[in-house]
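One structure is given here, and the rest of the page talks about it.
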Amino acid sequence: MAESPDVPSADNTPENPGSGSLSATPDTTGETGGAPRRGRVRARRAAVMAVPATLGLAGLAVLTAQGALGVSFSISGMPFTVTAKSLDGTGFEQFGALDSMADGSPNAGDTGGQVLVVTSAIKNATLDSLCQSVDLGGTNLLIKAGSGSSKVQATDLTTDSTELSGDASFNNIEIGNDASTLTKAGVKGPIGVFSQQADTVHIDSLRQTNYATTAGVFKLPGLKLSFSSSGC
């Protein structure tokens with residue numbers, strides 16, 4: 001896996017590409033005067049640049065993609081942290097995407113309601129000592145599971161991340177695929193998007209900043225939910 005860039009700043013949003021890497025045009029269909037509408041940006045192009053596993057985790061250069069959504073629901077716009085001692089997965093894919101908040105979300109800020117993410121898909125995943133926390137403002141909602149002999153198990157797992165770190169290794173990795181042709185995890189990204197995939201992935205000291213997670217099955221042995229002054 002590889003690190004993703006931060007969410008675009010106020011001077012480099014999907015509505016105001018400036019001199020950065022985003023290139024988009026507003027959707028003005030059905031409007032007079034051609035005035036752009038906030039939060040309704042239609043992106044044109046996307047690419048994710050990743051380096052070989054021998055270089056460890058490195059930065060991703062991501063551009064937006066037309067119709068590229070990492071999840072099928074409107075995200076809250078509140079990031080959450082996920083950590084694990086280790087992750088082992090079979091069937092791994094990764095590509096750039098654009099997540100959208102509900103219209104009028106108070107968390108939109110200067111982003112136009114969109115967050116640039118890296119989608120990581122794993123067909124079958126095992127996580128040791130999973131921790132998930134979200135900052136609610138003064139307190140953290142904390143979820144822990146899989147710290148005993150039974151580990152967290154997930155199938156058809158996807159995460160939409162803005163940051164990812166750890167010590168990673170891959171087997172039979174392919175870098176430079178078109179995301180629409182991916183086959184390892186059963187997820188296909190948008191055509192024309194730079195992506196990578198591998199037969200297996202192993203990450204020690206996993207840490208992610210996520211905006212969305214989905215799974216077909218998510219088994220959390222030893223689940224504990226609490227409020228805490230500190231997160232994961």
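To be explicit about the labels: the chains of the structure tokens are called A, B, and onward in the order shown, and within each one the residues are counted from 1, while ligands get numbers from 1 in the order they are shown.
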Please list as a PDB file with N, CA and C atoms, in the first residue's frame every residue within 6 Å of Ala185 of chain A, counting only C-alpha atoms and excluding residues in the same chain fewer than 2 positions away.
ATOM      1  N   GLY A  91      -5.879 -10.991  -2.126  1.00  0.00           N
ATOM      2  CA  GLY A  91      -6.649 -10.244  -3.106  1.00  0.00           C
ATOM      3  C   GLY A  91      -6.661  -8.769  -2.765  1.00  0.00           C
ATOM      4  N   PHE A  92      -5.643  -8.035  -3.225  1.00  0.00           N
ATOM      5  CA  PHE A  92      -5.465  -6.624  -2.851  1.00  0.00           C
ATOM      6  C   PHE A  92      -5.503  -5.733  -4.085  1.00  0.00           C
ATOM      7  N   ILE A 122      -9.595  -5.328  -0.256  1.00  0.00           N
ATOM      8  CA  ILE A 122      -9.000  -6.622   0.093  1.00  0.00           C
ATOM      9  C   ILE A 122     -10.107  -7.669   0.114  1.00  0.00           C
ATOM     10  N   LYS A 123      -9.912  -8.751  -0.612  1.00  0.00           N
ATOM     11  CA  LYS A 123     -10.935  -9.793  -0.685  1.00  0.00           C
ATOM     12  C   LYS A 123     -11.145 -10.454   0.663  1.00  0.00           C
ATOM     13  N   THR A 183      -8.584  -7.260 -10.971  1.00  0.00           N
ATOM     14  CA  THR A 183      -9.223  -8.570 -10.837  1.00  0.00           C
ATOM     15  C   THR A 183      -9.010  -9.230  -9.471  1.00  0.00           C
ATOM     16  N   VAL A 187     -13.166  -5.691  -7.205  1.00  0.00           N
ATOM     17  CA  VAL A 187     -13.591  -4.299  -7.291  1.00  0.00           C
ATOM     18  C   VAL A 187     -12.930  -3.670  -8.511  1.00  0.00           C
TER      19      VAL A 187
END
Spatial neighbours of Gly148 of chain A, 8 Å, only C-alpha atoms, chain gap at least 2 places, as JSON, numbers by chain: {"A": [129, 146, 150, 151, 222]}
Nearest candidate to Ser76 of chain A (options A:Gln197, A:Asn107, A:Thr158, A:Thr126; using only C-alpha atoms): A:Asn107
Residues within 9 Å of Val115 of chain A, only C-alpha atoms, excluding chain neighbours under 6 positions, as an MDAnalysis selection string: chainID A and resid 7:8 77 97:101 108 162 211
Strand (DSSP E) per DSSP on the backbone: members of segment 106-192 of chain A, as a ChimeraX atom specification: /A:114-128,130-135,140-145,152-171,174-178
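Atom to atom, atom CA of Ile173 of chain A and atom CA of Gln153 of chain A stand 22.7 Å apart.
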A:Ser120, A:Ser180, A:Thr90, A:Ser226 ranked by distance to His202 of chain A, top pick (using only C-alpha atoms): A:Thr90
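When atom CA of Leu127 of chain A is paired with atom CA of Pro79 of chain A, their separation reads 20.2 Å.
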Counting only C-alpha atoms, the option among A:Glu174, A:Asp156, A:Glu163, A:Asp88 closest to Gln208 of chain A: A:Glu163
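Using only C-alpha atoms, the shortest contact distance between Ile191 of chain A and any of A:Arg207, A:Gly96, A:Thr213, A:Val118 is found at A:Gly96.
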Point-to-point distance from atom CA of Asn140 of chain A to atom CA of Leu223 of chain A, Å rounded to tenths: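 Interatomic distance, atom CA of Asn140 of chain A to atom CA of Leu223 of chain A: 16.3 Å.
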Best match for closeness to Glu93 of chain A among A:Leu142, A:Val117, A:Cys131, A:Leu182, counting only C-alpha atoms: A:Leu182
